[in-house]
>>> print(open('data.cif').read())   # mmCIF, C-alpha atoms
data_my_file
#
loop_
_atom_site.label_atom_id
_atom_site.label_comp_id
_atom_site.auth_asym_id
_atom_site.auth_seq_id
_atom_site.Cartn_x
_atom_site.Cartn_y
_atom_site.Cartn_z
CA MET E 1 113.60 142.85 43.53
CA GLN E 2 114.45 140.80 46.59
CA LYS E 3 113.48 137.57 48.36
CA ARG E 4 112.69 137.67 52.07
CA LEU E 5 114.22 134.78 53.97
CA VAL E 6 114.07 135.59 57.68
CA ILE E 7 111.99 137.87 59.91
CA GLU E 8 112.97 138.12 63.56
CA MET E 9 111.22 140.14 66.26
CA GLY E 10 112.59 141.65 69.43
CA MET E 11 111.81 143.89 72.37
CA GLY E 12 114.03 146.40 74.14
CA VAL E 13 113.59 148.55 77.22
CA ASP E 14 115.36 151.64 78.54
CA GLN E 15 114.48 151.48 82.24
CA HIS E 16 116.54 154.53 83.20
CA GLY E 17 117.56 157.55 81.20
CA GLN E 18 114.47 157.93 79.01
CA ASP E 19 116.36 157.39 75.75
CA PRO E 20 114.34 155.96 72.83
CA THR E 21 117.59 155.12 71.01
CA VAL E 22 118.65 152.78 73.83
CA ALA E 23 115.28 151.00 73.76
CA ALA E 24 115.34 150.72 69.95
CA ALA E 25 118.91 149.38 69.82
CA ARG E 26 118.11 146.82 72.52
CA ALA E 27 115.04 145.68 70.57
CA VAL E 28 117.14 145.13 67.44
CA ARG E 29 119.85 143.35 69.45
CA ASN E 30 117.18 141.12 71.01
CA ALA E 31 115.78 140.28 67.56
CA ILE E 32 119.13 139.05 66.25
CA ALA E 33 120.64 137.72 69.49
CA HIS E 34 120.13 134.00 68.87
CA ASN E 35 120.64 133.76 65.12
CA ALA E 36 123.37 132.55 62.86
CA LEU E 37 122.53 132.97 59.19
CA PRO E 38 125.32 131.34 57.17
CA GLY E 39 122.74 129.58 55.00
CA VAL E 40 121.19 132.86 53.96
CA TRP E 41 124.27 133.94 52.10
CA GLU E 42 125.81 130.53 51.35
CA VAL E 43 122.69 129.05 49.74
CA ALA E 44 121.89 132.36 48.05
CA GLY E 45 125.34 132.41 46.45
CA LEU E 46 126.45 135.66 48.03
CA ASP E 47 130.18 136.20 48.46
CA HIS E 48 129.85 137.85 51.86
CA PRO E 49 127.12 138.45 54.49
CA SER E 50 127.44 142.18 53.84
CA GLU E 51 125.48 141.56 50.61
CA MET E 52 122.35 140.57 52.57
CA LEU E 53 119.59 143.18 52.66
CA VAL E 54 118.59 143.92 56.25
CA ALA E 55 115.46 145.99 56.77
CA VAL E 56 114.74 147.07 60.33
CA GLN E 57 111.39 148.40 61.50
CA VAL E 58 111.11 149.77 65.04
CA ALA E 59 108.10 151.08 66.92
CA VAL E 60 109.22 153.23 69.83
CA PRO E 61 108.01 156.24 71.81
CA PHE E 62 109.32 159.52 70.37
CA PRO E 63 110.80 157.98 67.17
CA GLU E 64 111.87 161.40 65.90
CA THR E 65 114.54 161.51 68.64
CA VAL E 66 116.16 158.16 67.78
CA ARG E 67 119.78 158.31 66.66
CA GLN E 68 119.43 156.02 63.66
CA ASP E 69 123.14 155.28 63.17
CA GLU E 70 123.36 153.87 66.70
CA VAL E 71 120.44 151.51 66.10
CA LEU E 72 121.84 150.25 62.79
CA ALA E 73 125.29 149.79 64.34
CA VAL E 74 123.85 146.83 66.30
CA LEU E 75 123.73 144.85 63.03
CA PRO E 76 127.08 143.28 62.16
CA PHE E 77 126.45 142.81 58.43
CA GLY E 78 124.18 143.72 55.58
CA GLN E 79 122.93 146.61 53.55
CA LYS E 80 120.89 148.17 56.32
CA THR E 81 117.77 150.31 56.30
CA LEU E 82 115.76 151.58 59.26
CA THR E 83 112.12 152.60 59.46
CA LEU E 84 110.95 154.19 62.69
CA GLU E 85 107.37 154.66 63.78
CA SER E 86 105.57 155.80 66.87
CA GLY E 87 104.66 152.91 69.11
CA GLY E 88 106.04 150.74 71.84
CA MET E 89 105.10 151.79 75.33
CA VAL E 90 105.85 154.29 78.04
CA VAL E 91 105.60 152.48 81.37
CA PRO E 92 105.79 154.12 84.79
CA GLY E 93 108.87 153.02 86.68
CA LYS E 94 110.83 154.77 89.39
CA ALA E 95 113.42 157.48 88.79
CA ILE E 96 116.86 157.00 90.33
CA PRO E 97 118.88 160.24 90.32
CA GLU E 98 122.24 158.41 90.17
CA LEU E 99 121.14 156.88 86.84
CA ASN E 100 120.39 160.30 85.32
CA ASP E 101 116.65 159.70 85.14
CA LYS E 102 114.65 162.73 84.03
CA ASN E 103 111.39 161.19 85.28
CA ASP E 104 109.81 157.81 86.18
CA ASP E 105 109.22 156.72 82.56
CA MET E 106 110.58 153.51 81.06
CA TYR E 107 110.54 153.23 77.25
CA VAL E 108 109.70 149.96 75.51
CA ALA E 109 110.46 149.40 71.81
CA ILE E 110 109.59 146.54 69.49
CA ALA E 111 111.53 145.63 66.37
CA ALA E 112 111.21 143.46 63.30
CA VAL E 113 114.38 142.64 61.38
CA THR E 114 113.88 141.25 57.89
CA VAL E 115 116.76 139.62 56.03
CA SER E 116 116.44 139.36 52.27
CA ILE E 117 118.66 138.57 49.33
CA PRO E 118 118.79 140.38 46.03
CA GLU E 119 117.23 138.52 43.10
#
>>> encode(input="data.cif", output="structure tokens")
Amino acid sequence: MQKRLVIEMGMGVDQHGQDPTVAAARAVRNAIAHNALPGVWEVAGLDHPSEMLVAVQVAVPFPETVRQDEVLAVLPFGQKTLTLESGGMVVPGKAIPELNDKNDDMYVAIAAVTVSIPE
């Protein structure tokens, strides 16, 4: 059993390179970018922030191609889990050969990061 304390949302875009992992990692980074959570583990009586439970859910185009370890590496602490689902957006942009674009697509991902504590 666990108690949810914080849910943060974020958005990430890979404008060039057509890499869903880049968009997903940026969405997670955006979700946690302006947070400091010392109260989560101090008030909860945890010895270290690594004891927090951090559940990440990301909707992104082509989720089956996401390199999950790279997305979770964005999180500095916690017992991390990642759920990927099809979603986000594919938006037409403009390919730039010097940036290794395969086509004009830009990938947009959205993320929800939930921080819980064990009961």
>>> residues_around(input="data.cif", residues="E:Trp41", least_positions_apart="3", cutoff="10 Å", atoms="all atoms listed in the file", output="count of residues only")
13
>>> closest_residue(input="data.cif", among="E:Thr81, E:Asn30, E:Ser86, E:Gln15", to="E:Thr114", atoms="only C-alpha atoms")
E:Thr81
>>> closest_residue(input="data.cif", among="E:Glu98, E:Asp19, E:Glu8, E:Asp104", to="E:Thr65", atoms="all atoms listed in the file")
E:Asp19
>>> resolve_selection(input="data.cif", expression="the PyMOL selection byres ((chain E and resi 70) around 12)", output="list in words")
Asp19, Pro20, Thr21, Val22, Ala23, Ala24, Ala25, Arg26, Val28, Arg29, Thr65, Val66, Arg67, Gln68, Asp69, Val71, Leu72, Ala73, Val74, Leu75 and Leu82 of chain E
>>> resolve_selection(input="data.cif", expression="the PyMOL selection byres ((chain E and resi 105) around 12)", output="number ranges by chain")
E: 13-20, 61, 89-96, 101-104, 106-108
>>> atom_distance(input="data.cif", atom1="atom CA of E:Met9", atom2="atom CA of E:Gly78")
17.2 Å
>>> resolve_selection(input="data.cif", expression="the PyMOL selection byres ((chain E and resi 4) around 12)", output="ChimeraX atom specification")
/E:1-3,5-8,40,44,52-55,113-119
>>> write_last_selection(input="data.cif", atoms="C-alpha atoms", output="compact mmCIF listing (two decimals), keeping the file's coordinate frame")
# COMPACT_ATOMS: atom_id res chain seq x y z
CA MET E 1 113.60 142.85 43.53
CA GLN E 2 114.45 140.80 46.59
CA LYS E 3 113.48 137.57 48.36
CA LEU E 5 114.22 134.78 53.97
CA VAL E 6 114.07 135.59 57.68
CA ILE E 7 111.99 137.87 59.91
CA GLU E 8 112.97 138.12 63.56
CA VAL E 40 121.19 132.86 53.96
CA ALA E 44 121.89 132.36 48.05
CA MET E 52 122.35 140.57 52.57
CA LEU E 53 119.59 143.18 52.66
CA VAL E 54 118.59 143.92 56.25
CA ALA E 55 115.46 145.99 56.77
CA VAL E 113 114.38 142.64 61.38
CA THR E 114 113.88 141.25 57.89
CA VAL E 115 116.76 139.62 56.03
CA SER E 116 116.44 139.36 52.27
CA ILE E 117 118.66 138.57 49.33
CA PRO E 118 118.79 140.38 46.03
CA GLU E 119 117.23 138.52 43.10
>>> residues_around(input="data.cif", residues="E:Leu84", least_positions_apart="5", cutoff="9 Å", atoms="only C-alpha atoms", output="list of chain:residue names")
E:Val56, E:Gln57, E:Val58, E:Ala59, E:Val60, E:Pro63, E:Glu64, E:Val66, E:Gln68
>>> atom_distance(input="data.cif", atom1="atom CA of E:Ala31", atom2="atom CA of E:Thr83")
15.2 Å
>>> atom_distance(input="data.cif", atom1="atom CA of E:Ile32", atom2="atom CA of E:Ala112")
9.5 Å
